[in-house]
file coords_34.pdb (PDB, C-alpha atoms and all ligand atoms)
ATOM      1  CA  MET N   1       8.334   8.104  -1.969
ATOM      2  CA  ILE N   2       5.332   5.841  -1.722
ATOM      3  CA  ASP N   3       4.465   3.455  -4.526
ATOM      4  CA  SER N   4       0.683   3.554  -4.220
ATOM      5  CA  HIS N   5       0.024   0.528  -6.447
ATOM      6  CA  ALA N   6       2.184  -2.554  -7.034
ATOM      7  CA  HIS N   7       1.392  -6.231  -7.473
ATOM      8  CA  LEU N   8       4.051  -7.562  -5.099
ATOM      9  CA  ASP N   9       2.322 -10.950  -5.054
ATOM     10  CA  SER N  10       3.060 -11.499  -8.733
ATOM     11  CA  PRO N  11       4.796 -14.843  -9.336
ATOM     12  CA  ARG N  12       7.271 -12.829 -11.398
ATOM     13  CA  TYR N  13       8.888 -11.792  -8.074
ATOM     14  CA  ASP N  14       9.055 -15.278  -6.588
ATOM     15  CA  GLU N  15      12.778 -15.605  -7.284
ATOM     16  CA  ASP N  16      13.926 -12.245  -5.928
ATOM     17  CA  ARG N  17      11.101 -10.568  -3.967
ATOM     18  CA  GLU N  18      13.273  -9.538  -1.019
ATOM     19  CA  ALA N  19      16.091  -8.174  -3.219
ATOM     20  CA  MET N  20      13.496  -6.271  -5.273
ATOM     21  CA  LEU N  21      12.103  -4.691  -2.080
ATOM     22  CA  ARG N  22      15.611  -3.726  -0.948
ATOM     23  CA  ARG N  23      16.229  -2.019  -4.274
ATOM     24  CA  ALA N  24      13.021  -0.042  -3.675
ATOM     25  CA  TRP N  25      14.294   1.033  -0.247
ATOM     26  CA  ASP N  26      17.640   2.053  -1.752
ATOM     27  CA  ALA N  27      15.807   4.144  -4.360
ATOM     28  CA  GLY N  28      13.991   6.048  -1.584
ATOM     29  CA  VAL N  29      10.685   4.154  -1.481
ATOM     30  CA  ARG N  30       9.461   3.973   2.121
ATOM     31  CA  GLU N  31       6.010   2.464   1.635
ATOM     32  CA  ILE N  32       4.248   0.300  -0.963
ATOM     33  CA  LEU N  33       0.580  -0.531  -1.295
ATOM     34  CA  SER N  34       0.484  -4.158  -2.365
ATOM     35  CA  ILE N  35      -2.632  -4.686  -4.452
ATOM     36  CA  GLY N  36      -4.571  -7.769  -3.414
ATOM     37  CA  ILE N  37      -6.379  -9.025  -6.461
ATOM     38  CA  GLY N  38      -4.195 -12.106  -6.762
ATOM     39  CA  GLU N  39      -4.799 -14.190  -9.833
ATOM     40  CA  GLY N  40      -8.474 -14.063  -8.919
ATOM     41  CA  PRO N  41     -10.478 -14.221  -5.672
ATOM     42  CA  GLU N  42      -8.786 -17.442  -4.550
ATOM     43  CA  THR N  43      -5.464 -15.648  -4.104
ATOM     44  CA  MET N  44      -6.624 -12.166  -3.137
ATOM     45  CA  HIS N  45      -5.126 -12.689   0.351
ATOM     46  CA  ARG N  46      -1.566 -13.037  -0.968
ATOM     47  CA  ALA N  47      -0.860  -9.293  -0.772
ATOM     48  CA  LEU N  48      -1.763  -9.328   2.930
ATOM     49  CA  GLU N  49       0.560 -12.289   3.492
ATOM     50  CA  ILE N  50       3.402 -10.390   1.855
ATOM     51  CA  SER N  51       2.678  -7.344   4.003
ATOM     52  CA  ARG N  52       3.014  -9.555   7.098
ATOM     53  CA  GLU N  53       6.012 -11.489   5.831
ATOM     54  CA  PHE N  54       8.152  -8.365   5.547
ATOM     55  CA  ALA N  55       6.702  -6.352   8.458
ATOM     56  CA  GLY N  56       9.321  -4.650  10.593
ATOM     57  CA  GLN N  57      12.286  -5.735   8.503
ATOM     58  CA  PRO N  58      15.068  -3.155   8.187
ATOM     59  CA  ASN N  59      15.796  -1.577   4.793
ATOM     60  CA  ILE N  60      12.526  -2.819   3.313
ATOM     61  CA  PRO N  61       9.666  -0.382   2.630
ATOM     62  CA  LYS N  62       6.589  -0.631   4.849
ATOM     63  CA  ILE N  63       4.101  -2.790   2.951
ATOM     64  CA  ARG N  64       0.371  -2.304   3.308
ATOM     65  CA  ALA N  65      -2.218  -4.161   1.267
ATOM     66  CA  SER N  66      -5.587  -3.962  -0.450
ATOM     67  CA  ALA N  67      -8.097  -6.631  -1.430
ATOM     68  CA  GLY N  68     -10.595  -6.782  -4.243
ATOM     69  CA  VAL N  69     -11.801  -8.525  -7.370
ATOM     70  CA  HIS N  70     -10.421  -7.022 -10.591
ATOM     71  CA  PRO N  71     -13.051  -6.434 -13.306
ATOM     72  CA  HIS N  72     -11.284  -9.055 -15.446
ATOM     73  CA  GLU N  73     -12.268 -11.675 -12.849
ATOM     74  CA  ALA N  74     -15.734 -10.313 -12.096
ATOM     75  CA  SER N  75     -17.293 -13.574 -13.330
ATOM     76  CA  LEU N  76     -15.548 -15.357 -10.433
ATOM     77  CA  ALA N  77     -16.932 -13.027  -7.751
ATOM     78  CA  ASP N  78     -19.483 -15.336  -6.151
ATOM     79  CA  ASP N  79     -20.879 -14.966  -2.617
ATOM     80  CA  ALA N  80     -17.868 -16.783  -1.157
ATOM     81  CA  ALA N  81     -15.467 -14.362  -2.844
ATOM     82  CA  LEU N  82     -17.391 -11.377  -1.509
ATOM     83  CA  ALA N  83     -17.427 -12.898   1.986
ATOM     84  CA  LYS N  84     -13.665 -13.354   1.733
ATOM     85  CA  LEU N  85     -13.303  -9.730   0.663
ATOM     86  CA  ASP N  86     -15.409  -8.618   3.609
ATOM     87  CA  ALA N  87     -13.190 -10.568   6.010
ATOM     88  CA  LEU N  88      -9.983  -9.198   4.463
ATOM     89  CA  LEU N  89     -11.211  -5.596   4.702
ATOM     90  CA  GLN N  90     -11.384  -6.033   8.484
ATOM     91  CA  GLU N  91      -7.633  -6.694   8.729
ATOM     92  CA  PRO N  92      -5.656  -3.679   9.956
ATOM     93  CA  GLU N  93      -2.973  -3.978   7.239
ATOM     94  CA  ILE N  94      -5.618  -3.694   4.512
ATOM     95  CA  LEU N  95      -6.033  -0.005   3.743
ATOM     96  CA  ALA N  96      -8.414  -0.155   0.799
ATOM     97  CA  CYS N  97     -10.687  -2.194  -1.436
ATOM     98  CA  GLY N  98      -9.273  -2.612  -4.916
ATOM     99  CA  GLU N  99      -8.539  -2.626  -7.611
ATOM    100  CA  ILE N 100     -12.177  -2.707  -8.640
ATOM    101  CA  GLY N 101     -14.028  -1.090 -11.532
ATOM    102  CA  LEU N 102     -14.761  -1.671 -15.201
ATOM    103  CA  ASP N 103     -12.599  -2.830 -18.096
ATOM    104  CA  TYR N 104     -14.361  -2.609 -21.476
ATOM    105  CA  TYR N 105     -11.077  -2.878 -23.369
ATOM    106  CA  TYR N 106     -10.511  -6.580 -22.714
ATOM    107  CA  ASP N 107     -14.089  -7.489 -21.697
ATOM    108  CA  HIS N 108     -12.793 -10.600 -19.893
ATOM    109  CA  SER N 109     -16.072 -10.628 -17.949
ATOM    110  CA  PRO N 110     -19.437  -9.517 -19.409
ATOM    111  CA  ARG N 111     -20.102  -5.818 -18.805
ATOM    112  CA  ASP N 112     -23.307  -6.332 -16.853
ATOM    113  CA  VAL N 113     -21.455  -8.735 -14.536
ATOM    114  CA  GLN N 114     -18.590  -6.251 -14.150
ATOM    115  CA  LYS N 115     -21.049  -3.533 -13.123
ATOM    116  CA  GLN N 116     -22.872  -5.786 -10.690
ATOM    117  CA  VAL N 117     -19.634  -6.928  -9.039
ATOM    118  CA  PHE N 118     -18.257  -3.387  -8.890
ATOM    119  CA  ALA N 119     -21.466  -2.261  -7.160
ATOM    120  CA  ARG N 120     -21.403  -5.153  -4.689
ATOM    121  CA  GLN N 121     -17.757  -4.489  -3.809
ATOM    122  CA  MET N 122     -18.521  -0.805  -3.213
ATOM    123  CA  GLU N 123     -21.235  -1.926  -0.784
ATOM    124  CA  VAL N 124     -18.793  -4.154   1.104
ATOM    125  CA  ALA N 125     -16.126  -1.410   1.206
ATOM    126  CA  ALA N 126     -18.624   1.197   2.376
ATOM    127  CA  ALA N 127     -19.844  -1.071   5.165
ATOM    128  CA  ARG N 128     -16.228  -1.582   6.314
ATOM    129  CA  ARG N 129     -15.424   2.135   5.859
ATOM    130  CA  LYS N 130     -12.528   1.505   3.469
ATOM    131  CA  PRO N 131     -11.634   3.678   0.469
ATOM    132  CA  ILE N 132     -11.652   2.163  -3.019
ATOM    133  CA  ILE N 133      -9.030   1.917  -5.753
ATOM    134  CA  ILE N 134     -10.520   2.174  -9.220
ATOM    135  CA  HIS N 135      -9.366   0.447 -12.391
ATOM    136  CA  CYS N 136     -11.061   1.872 -15.474
ATOM    137  CA  ARG N 137     -10.308   1.142 -19.102
ATOM    138  CA  PRO N 138     -12.727   1.966 -21.918
ATOM    139  CA  SER N 139     -12.899   0.462 -25.401
ATOM    140  CA  ASP N 140     -10.624   2.046 -27.987
ATOM    141  CA  ASN N 141     -11.592   5.615 -28.907
ATOM    142  CA  SER N 142     -14.413   5.602 -26.392
ATOM    143  CA  SER N 143     -15.093   6.846 -22.896
ATOM    144  CA  ASN N 144     -17.748   4.182 -22.238
ATOM    145  CA  ALA N 145     -16.143   2.699 -19.104
ATOM    146  CA  TRP N 146     -15.465   6.177 -17.705
ATOM    147  CA  ASP N 147     -19.073   7.198 -18.205
ATOM    148  CA  ASP N 148     -20.260   4.113 -16.322
ATOM    149  CA  VAL N 149     -17.632   4.269 -13.542
ATOM    150  CA  LEU N 150     -18.245   7.954 -12.839
ATOM    151  CA  ALA N 151     -22.022   7.506 -12.873
ATOM    152  CA  MET N 152     -21.742   4.621 -10.409
ATOM    153  CA  LEU N 153     -19.380   6.574  -8.143
ATOM    154  CA  GLN N 154     -21.775   9.495  -8.181
ATOM    155  CA  SER N 155     -24.837   7.411  -7.404
ATOM    156  CA  GLN N 156     -23.311   4.901  -5.015
ATOM    157  CA  TRP N 157     -20.034   6.158  -3.537
ATOM    158  CA  SER N 158     -20.302   9.919  -3.054
ATOM    159  CA  ARG N 159     -22.845   9.503  -0.257
ATOM    160  CA  THR N 160     -20.492   7.304   1.783
ATOM    161  CA  GLY N 161     -18.175  10.219   2.613
ATOM    162  CA  LEU N 162     -15.241   7.921   1.813
ATOM    163  CA  ARG N 163     -12.382   8.600  -0.533
ATOM    164  CA  GLY N 164     -10.930   6.724  -3.444
ATOM    165  CA  ILE N 165      -8.112   6.612  -5.960
ATOM    166  CA  LEU N 166      -8.217   6.444  -9.747
ATOM    167  CA  HIS N 167      -5.210   4.229 -10.402
ATOM    168  CA  CYS N 168      -2.966   4.323 -13.482
ATOM    169  CA  PHE N 169      -4.889   7.257 -14.881
ATOM    170  CA  THR N 170      -5.239   7.283 -18.673
ATOM    171  CA  GLY N 171      -8.552   9.119 -19.070
ATOM    172  CA  GLU N 172      -9.311  12.623 -20.249
ATOM    173  CA  ILE N 173      -8.953  15.751 -18.129
ATOM    174  CA  ARG N 174     -12.742  15.924 -17.686
ATOM    175  CA  HIS N 175     -12.747  12.432 -16.151
ATOM    176  CA  ALA N 176      -9.995  13.402 -13.716
ATOM    177  CA  GLN N 177     -11.919  16.561 -12.858
ATOM    178  CA  ALA N 178     -15.128  14.628 -12.186
ATOM    179  CA  ALA N 179     -13.226  12.305  -9.855
ATOM    180  CA  LEU N 180     -11.522  15.208  -8.062
ATOM    181  CA  ASP N 181     -14.972  16.697  -7.508
ATOM    182  CA  LEU N 182     -15.943  13.445  -5.784
ATOM    183  CA  GLY N 183     -12.964  13.738  -3.410
ATOM    184  CA  PHE N 184     -10.844  11.180  -5.272
ATOM    185  CA  LEU N 185      -7.122  11.277  -5.833
ATOM    186  CA  VAL N 186      -5.599  10.543  -9.224
ATOM    187  CA  SER N 187      -2.605   8.229  -9.478
ATOM    188  CA  PHE N 188      -0.109   8.244 -12.345
ATOM    189  CA  ALA N 189       1.981   5.244 -13.404
ATOM    190  CA  GLY N 190       5.051   4.508 -15.522
ATOM    191  CA  ASN N 191       3.172   4.940 -18.793
ATOM    192  CA  ILE N 192       3.373   8.710 -18.178
ATOM    193  CA  THR N 193       6.979   8.431 -19.432
ATOM    194  CA  PHE N 194       6.051   6.837 -22.772
ATOM    195  CA  PRO N 195       6.735   9.105 -25.777
ATOM    196  CA  LYS N 196       3.186   8.767 -27.166
ATOM    197  CA  ALA N 197       1.509   9.403 -23.794
ATOM    198  CA  GLN N 198       1.021  13.150 -24.185
ATOM    199  CA  ALA N 199      -2.629  12.851 -23.117
ATOM    200  CA  ILE N 200      -1.536  11.370 -19.779
ATOM    201  CA  ARG N 201       0.993  14.176 -19.289
ATOM    202  CA  ASP N 202      -1.700  16.732 -20.114
ATOM    203  CA  ALA N 203      -3.918  15.184 -17.448
ATOM    204  CA  ALA N 204      -1.069  15.223 -14.927
ATOM    205  CA  LEU N 205      -0.549  18.919 -15.620
ATOM    206  CA  ALA N 206      -4.226  19.536 -14.930
ATOM    207  CA  VAL N 207      -4.380  17.590 -11.661
ATOM    208  CA  PRO N 208      -3.130  19.648  -8.697
ATOM    209  CA  LEU N 209      -0.073  18.212  -6.951
ATOM    210  CA  ASN N 210      -1.972  17.956  -3.677
ATOM    211  CA  ARG N 211      -4.495  15.562  -5.274
ATOM    212  CA  MET N 212      -2.145  13.134  -7.034
ATOM    213  CA  LEU N 213      -0.310   9.919  -6.247
ATOM    214  CA  ILE N 214       2.501   8.054  -7.961
ATOM    215  CA  GLU N 215       2.599   4.310  -8.597
ATOM    216  CA  THR N 216       4.348   1.674 -10.660
ATOM    217  CA  ASP N 217       1.559  -0.893 -11.255
ATOM    218  CA  ALA N 218       4.555  -3.264 -11.156
ATOM    219  CA  PRO N 219       5.269  -5.767 -12.640
ATOM    220  CA  PHE N 220       3.478  -4.014 -15.531
ATOM    221  CA  LEU N 221       4.186  -0.754 -17.378
ATOM    222  CA  ALA N 222       7.889  -0.261 -16.650
ATOM    223  CA  PRO N 223       8.765   3.377 -17.266
ATOM    224  CA  VAL N 224      11.358   4.646 -19.716
ATOM    225  CA  PRO N 225      14.320   3.812 -19.734
ATOM    226  CA  ASN N 226      13.284   0.306 -18.633
ATOM    227  CA  ARG N 227      10.197   0.047 -20.805
ATOM    228  CA  GLY N 228       9.373  -3.546 -21.745
ATOM    229  CA  LYS N 229      11.154  -5.056 -18.733
ATOM    230  CA  ARG N 230       9.552  -6.386 -15.569
ATOM    231  CA  ASN N 231       8.659  -3.271 -13.576
ATOM    232  CA  GLU N 232       9.441  -2.859  -9.870
ATOM    233  CA  PRO N 233       8.706  -0.277  -7.151
ATOM    234  CA  ALA N 234      12.225   1.241  -7.245
ATOM    235  CA  TRP N 235      11.286   2.715 -10.614
ATOM    236  CA  VAL N 236       8.432   4.823  -9.228
ATOM    237  CA  LYS N 237      11.141   7.458  -9.124
ATOM    238  CA  GLU N 238      10.827   7.889 -12.901
ATOM    239  CA  VAL N 239       7.163   8.819 -12.435
ATOM    240  CA  ALA N 240       8.070  11.437  -9.821
ATOM    241  CA  VAL N 241      10.803  12.869 -12.043
ATOM    242  CA  THR N 242       8.461  13.089 -15.059
ATOM    243  CA  ILE N 243       5.735  14.851 -13.059
ATOM    244  CA  ALA N 244       8.310  17.208 -11.563
ATOM    245  CA  SER N 245       9.594  18.221 -14.986
ATOM    246  CA  LEU N 246       6.025  18.745 -16.277
ATOM    247  CA  LYS N 247       5.141  20.982 -13.356
ATOM    248  CA  ASN N 248       8.553  22.661 -13.070
ATOM    249  CA  LEU N 249       9.113  21.334  -9.571
ATOM    250  CA  ASP N 250      11.879  19.601  -7.693
ATOM    251  CA  PRO N 251      11.363  15.796  -7.749
ATOM    252  CA  ALA N 252      11.797  15.861  -3.941
ATOM    253  CA  GLU N 253       8.729  18.100  -3.701
ATOM    254  CA  VAL N 254       6.675  15.681  -5.810
ATOM    255  CA  ALA N 255       7.896  12.818  -3.610
ATOM    256  CA  ALA N 256       7.029  14.627  -0.374
ATOM    257  CA  GLN N 257       3.602  15.849  -1.496
ATOM    258  CA  THR N 258       2.480  12.535  -2.982
ATOM    259  CA  THR N 259       3.601  10.834   0.234
ATOM    260  CA  ALA N 260       1.439  13.245   2.248
ATOM    261  CA  ASN N 261      -1.458  12.695  -0.174
ATOM    262  CA  PHE N 262      -1.302   8.930   0.330
ATOM    263  CA  GLY N 263      -2.071   9.375   4.018
ATOM    264  CA  LEU N 264      -4.913  11.723   3.121
ATOM    265  CA  ALA N 265      -6.380   9.290   0.606
ATOM    266  CA  LEU N 266      -6.219   6.162   2.694
ATOM    267  CA  ASP N 267      -6.365   7.224   6.320
ATOM    268  CA  SER N 268      -9.004   9.939   6.470
ATOM    269  CA  PRO N 269     -12.613  10.432   5.393
ATOM    270  CA  ALA N 270     -13.381  12.653   2.382
TER     271      ALA N 270
HETATM  272 ZN    ZN A 301      -5.440  -1.641 -13.077
HETATM  273 ZN    ZN A 302      -2.908  -2.941 -10.890
END
call {"tool": "encode", "arguments": {"input": "coords_34.pdb", "output": "structure tokens"}}
result
Amino acid sequence: MIDSHAHLDSPRYDEDREAMLRRAWDAGVREILSIGIGEGPETMHRALEISREFAGQPNIPKIRASAGVHPHEASLADDAALAKLDALLQEPEILACGEIGLDYYYDHSPRDVQKQVFARQMEVAAARRKPIIIHCRPSDNSSNAWDDVLAMLQSQWSRTGLRGILHCFTGEIRHAQAALDLGFLVSFAGNITFPKAQAIRDAALAVPLNRMLIETDAPFLAPVPNRGKRNEPAWVKEVAVTIASLKNLDPAEVAAQTTANFGLALDSPA
């Protein structure tokens, strides 16, 4: 399995990062994409450092990284932060720009700033020919952030011929469909196991297996039966098992296909 989205640089792993990575290996995880948003632009390089720290070590999954400014921290994305992002995207271990996008649920940065910073990061990623990883969360009972994200992808990203990933998908089927039409992949996280998450399971049923990824978003969103605890990549297995039971497949098939999809999403043009 590949965990396509984990925050391995979280301070919550400082005490046991290596043991946590070994548990992932033992659970069958062979690769992890370490998301490089840090605690803001100042630490967005930490994911890359972790990728290098564990490179080539036996019984530890291969760690690749991303870099980007999360919409929560959009207000901090000054010219220096964007120059840092541009430099990071030229490193061979960095496979993608992200997570970037819009979050109208928390509104930690003003929406117009979020949009501006999302657009500028898409420009940097396009110039460096890197795919993007999208974070999108609308206000309650609204699809406002989806409407804006999809419109911006259509106007600004589709012409690049590059791919992208909708991470931790919680939107409606029509949003997933619009993203699939743009050549994106849709990634499902541990919240797909939550009893009240029928809408996420409905979306996962609608997304073809050859267009989906699995992730933990660790340390957040630990799946059942570990809900509420600190999440970790070993538990991506619960996501694979849930998708397999929804689609009446063997979990090994979900693991193999999502692994193949990861290469498609991050290593080839749309
Ligand atoms: Zn996110
Ligand atoms: Zn994340």
call {"tool": "resolve_selection", "arguments": {"input": "coords_34.pdb", "expression": "the PyMOL selection byres (((chain N and resi 34) around 9) and not hetatm)", "output": "PyMOL selection string"}}
result
chain N and resi 3-9+32-33+35-36+47-48+50-51+63-67
call {"tool": "residues_around", "arguments": {"input": "coords_34.pdb", "residues": "N:Ala255", "least_positions_apart": "5", "cutoff": "12 Å", "atoms": "only C-alpha atoms", "output": "VMD selection string"}}
result
chain N and resid 1 to 4 27 to 31 209 to 210 212 to 215 236 to 244 249 to 250 260 to 262
call {"tool": "closest_atom_pairs", "arguments": {"input": "coords_34.pdb", "of": "chain N", "to": "ligand ZN 301 (chain A)", "cutoff": "8 Å", "atoms": "only C-alpha atoms and all ligand atoms", "output": "tab-separated table"}}
result
residue	atom	partner	partner_atom	distance
N:His70	CA	A:ZN301	ZN	7.7
N:Glu99	CA	A:ZN301	ZN	6.4
N:Ile134	CA	A:ZN301	ZN	7.4
N:His135	CA	A:ZN301	ZN	4.5
N:Cys136	CA	A:ZN301	ZN	7.0
N:His167	CA	A:ZN301	ZN	6.5
N:Cys168	CA	A:ZN301	ZN	6.5
N:Asp217	CA	A:ZN301	ZN	7.3
call {"tool": "closest_residue", "arguments": {"input": "coords_34.pdb", "among": "N:Ile133, N:Val124, N:Leu89, N:Ala256", "to": "ligand ZN 302 (chain A)", "atoms": "only C-alpha atoms and all ligand atoms"}}
result
N:Ile133
call {"tool": "resolve_selection", "arguments": {"input": "coords_34.pdb", "expression": "the PyMOL selection byres (((chain N and resi 82) around 9) and not hetatm)", "output": "list of chain:residue names"}}
result
N:Pro41, N:Gly68, N:Val69, N:Ala77, N:Asp78, N:Asp79, N:Ala80, N:Ala81, N:Ala83, N:Lys84, N:Leu85, N:Asp86, N:Ala87, N:Arg120, N:Gln121, N:Val124
call {"tool": "residues_around", "arguments": {"input": "coords_34.pdb", "residues": "N:Ala151", "least_positions_apart": "2", "cutoff": "12 Å", "atoms": "all atoms listed in the file", "output": "list in words"}}
result
Gly101, Leu102, Lys115, Ala119, Asn144, Ala145, Trp146, Asp147, Asp148, Val149, Leu153, Gln154, Ser155, Gln156, Trp157, Ser158, His175, Ala178, Ala179 and Leu182 of chain N
call {"tool": "atom_distance", "arguments": {"input": "coords_34.pdb", "atom1": "atom CA of N:Gly56", "atom2": "atom CA of N:Cys97"}}
result
23.5 Å
call {"tool": "residues_around", "arguments": {"input": "coords_34.pdb", "residues": "N:Gln57", "least_positions_apart": "3", "cutoff": "12 Å", "atoms": "only C-alpha atoms", "output": "JSON list (two decimals) with C-alpha atoms, in the frame of the given file"}}
result
[["chain", "number", "residue", "atom", "x", "y", "z"],
["N", 18, "GLU", "CA", 13.27, -9.54, -1.02],
["N", 21, "LEU", "CA", 12.10, -4.69, -2.08],
["N", 22, "ARG", "CA", 15.61, -3.73, -0.95],
["N", 25, "TRP", "CA", 14.29, 1.03, -0.25],
["N", 30, "ARG", "CA", 9.46, 3.97, 2.12],
["N", 51, "SER", "CA", 2.68, -7.34, 4.00],
["N", 52, "ARG", "CA", 3.01, -9.56, 7.10],
["N", 53, "GLU", "CA", 6.01, -11.49, 5.83],
["N", 54, "PHE", "CA", 8.15, -8.36, 5.55],
["N", 60, "ILE", "CA", 12.53, -2.82, 3.31],
["N", 61, "PRO", "CA", 9.67, -0.38, 2.63],
["N", 62, "LYS", "CA", 6.59, -0.63, 4.85],
["N", 63, "ILE", "CA", 4.10, -2.79, 2.95]]
call {"tool": "resolve_selection", "arguments": {"input": "coords_34.pdb", "expression": "the PyMOL selection byres (((chain N and resi 208) around 12) and not hetatm)", "output": "list of chain:residue names"}}
result
N:Ile173, N:Ala176, N:Gln177, N:Leu180, N:Phe184, N:Leu185, N:Val186, N:Ser187, N:Asp202, N:Ala203, N:Ala204, N:Leu205, N:Ala206, N:Val207, N:Leu209, N:Asn210, N:Arg211, N:Met212, N:Leu213, N:Ile243, N:Leu246, N:Lys247, N:Val254, N:Gln257, N:Thr258, N:Asn261
call {"tool": "closest_residue", "arguments": {"input": "coords_34.pdb", "among": "N:Thr259, N:Asn141, N:Asn59, N:Asn231", "to": "ligand ZN 302 (chain A)", "atoms": "only C-alpha atoms and all ligand atoms"}}
result
N:Asn231
call {"tool": "atom_distance", "arguments": {"input": "coords_34.pdb", "atom1": "atom CA of N:Arg111", "atom2": "atom CA of N:Glu73"}}
result
11.5 Å
call {"tool": "closest_residue", "arguments": {"input": "coords_34.pdb", "among": "N:Ala252, N:Leu221, N:Ala126, N:Ala199", "to": "ligand ZN 302 (chain A)", "atoms": "all atoms listed in the file"}}
result
N:Leu221
call {"tool": "decode", "arguments": {"input": "coords_34.pdb", "residues": "stretch 162-168 of chain N", "atoms": "all heavy atoms", "output": "PDB file, in the first residue's frame"}}
result
ATOM      1  N   LEU N 162      -1.204  18.959 -16.540  1.00  0.00           N
ATOM      2  CA  LEU N 162      -0.676  18.271 -15.357  1.00  0.00           C
ATOM      3  C   LEU N 162      -1.828  17.696 -14.540  1.00  0.00           C
ATOM      4  O   LEU N 162      -2.960  18.168 -14.623  1.00  0.00           O
ATOM      5  CB  LEU N 162       0.127  19.258 -14.504  1.00  0.00           C
ATOM      6  CG  LEU N 162       1.427  19.762 -15.142  1.00  0.00           C
ATOM      7  CD1 LEU N 162       1.908  21.025 -14.428  1.00  0.00           C
ATOM      8  CD2 LEU N 162       2.503  18.686 -15.102  1.00  0.00           C
ATOM      9  N   ARG N 163      -1.484  16.720 -13.722  1.00  0.00           N
ATOM     10  CA  ARG N 163      -2.506  16.073 -12.916  1.00  0.00           C
ATOM     11  C   ARG N 163      -2.627  16.705 -11.541  1.00  0.00           C
ATOM     12  O   ARG N 163      -1.918  17.657 -11.204  1.00  0.00           O
ATOM     13  CB  ARG N 163      -2.162  14.595 -12.755  1.00  0.00           C
ATOM     14  CG  ARG N 163      -2.314  13.809 -14.036  1.00  0.00           C
ATOM     15  CD  ARG N 163      -2.162  12.338 -13.741  1.00  0.00           C
ATOM     16  NE  ARG N 163      -2.187  11.558 -14.952  1.00  0.00           N
ATOM     17  CZ  ARG N 163      -3.295  11.070 -15.511  1.00  0.00           C
ATOM     18  NH1 ARG N 163      -4.478  11.307 -14.965  1.00  0.00           N
ATOM     19  NH2 ARG N 163      -3.221  10.349 -16.610  1.00  0.00           N
ATOM     20  N   GLY N 164      -3.494  16.108 -10.749  1.00  0.00           N
ATOM     21  CA  GLY N 164      -3.660  16.550  -9.374  1.00  0.00           C
ATOM     22  C   GLY N 164      -4.433  15.514  -8.584  1.00  0.00           C
ATOM     23  O   GLY N 164      -4.913  14.523  -9.142  1.00  0.00           O
ATOM     24  N   ILE N 165      -4.521  15.769  -7.294  1.00  0.00           N
ATOM     25  CA  ILE N 165      -5.211  14.863  -6.370  1.00  0.00           C
ATOM     26  C   ILE N 165      -6.145  15.693  -5.500  1.00  0.00           C
ATOM     27  O   ILE N 165      -5.731  16.735  -4.965  1.00  0.00           O
ATOM     28  CB  ILE N 165      -4.185  14.155  -5.450  1.00  0.00           C
ATOM     29  CG1 ILE N 165      -3.224  13.285  -6.266  1.00  0.00           C
ATOM     30  CG2 ILE N 165      -4.887  13.344  -4.363  1.00  0.00           C
ATOM     31  CD1 ILE N 165      -2.024  12.798  -5.459  1.00  0.00           C
ATOM     32  N   LEU N 166      -7.387  15.248  -5.358  1.00  0.00           N
ATOM     33  CA  LEU N 166      -8.266  15.814  -4.334  1.00  0.00           C
ATOM     34  C   LEU N 166      -8.034  14.984  -3.090  1.00  0.00           C
ATOM     35  O   LEU N 166      -8.376  13.798  -3.076  1.00  0.00           O
ATOM     36  CB  LEU N 166      -9.734  15.714  -4.724  1.00  0.00           C
ATOM     37  CG  LEU N 166     -10.213  16.445  -5.975  1.00  0.00           C
ATOM     38  CD1 LEU N 166     -11.737  16.309  -6.053  1.00  0.00           C
ATOM     39  CD2 LEU N 166      -9.820  17.913  -5.962  1.00  0.00           C
ATOM     40  N   HIS N 167      -7.457  15.575  -2.052  1.00  0.00           N
ATOM     41  CA  HIS N 167      -7.116  14.771  -0.875  1.00  0.00           C
ATOM     42  C   HIS N 167      -8.257  14.781   0.136  1.00  0.00           C
ATOM     43  O   HIS N 167      -9.042  15.726   0.201  1.00  0.00           O
ATOM     44  CB  HIS N 167      -5.780  15.263  -0.292  1.00  0.00           C
ATOM     45  CG  HIS N 167      -5.882  15.897   1.052  1.00  0.00           C
ATOM     46  ND1 HIS N 167      -5.854  15.167   2.213  1.00  0.00           N
ATOM     47  CD2 HIS N 167      -6.014  17.182   1.421  1.00  0.00           C
ATOM     48  CE1 HIS N 167      -5.968  16.002   3.232  1.00  0.00           C
ATOM     49  NE2 HIS N 167      -6.074  17.224   2.789  1.00  0.00           N
ATOM     50  N   CYS N 168      -8.333  13.701   0.907  1.00  0.00           N
ATOM     51  CA  CYS N 168      -9.339  13.545   1.968  1.00  0.00           C
ATOM     52  C   CYS N 168     -10.717  13.969   1.466  1.00  0.00           C
ATOM     53  O   CYS N 168     -11.346  14.869   2.010  1.00  0.00           O
ATOM     54  CB  CYS N 168      -8.945  14.366   3.188  1.00  0.00           C
ATOM     55  SG  CYS N 168      -9.962  14.037   4.639  1.00  0.00           S
TER      56      CYS N 168
END
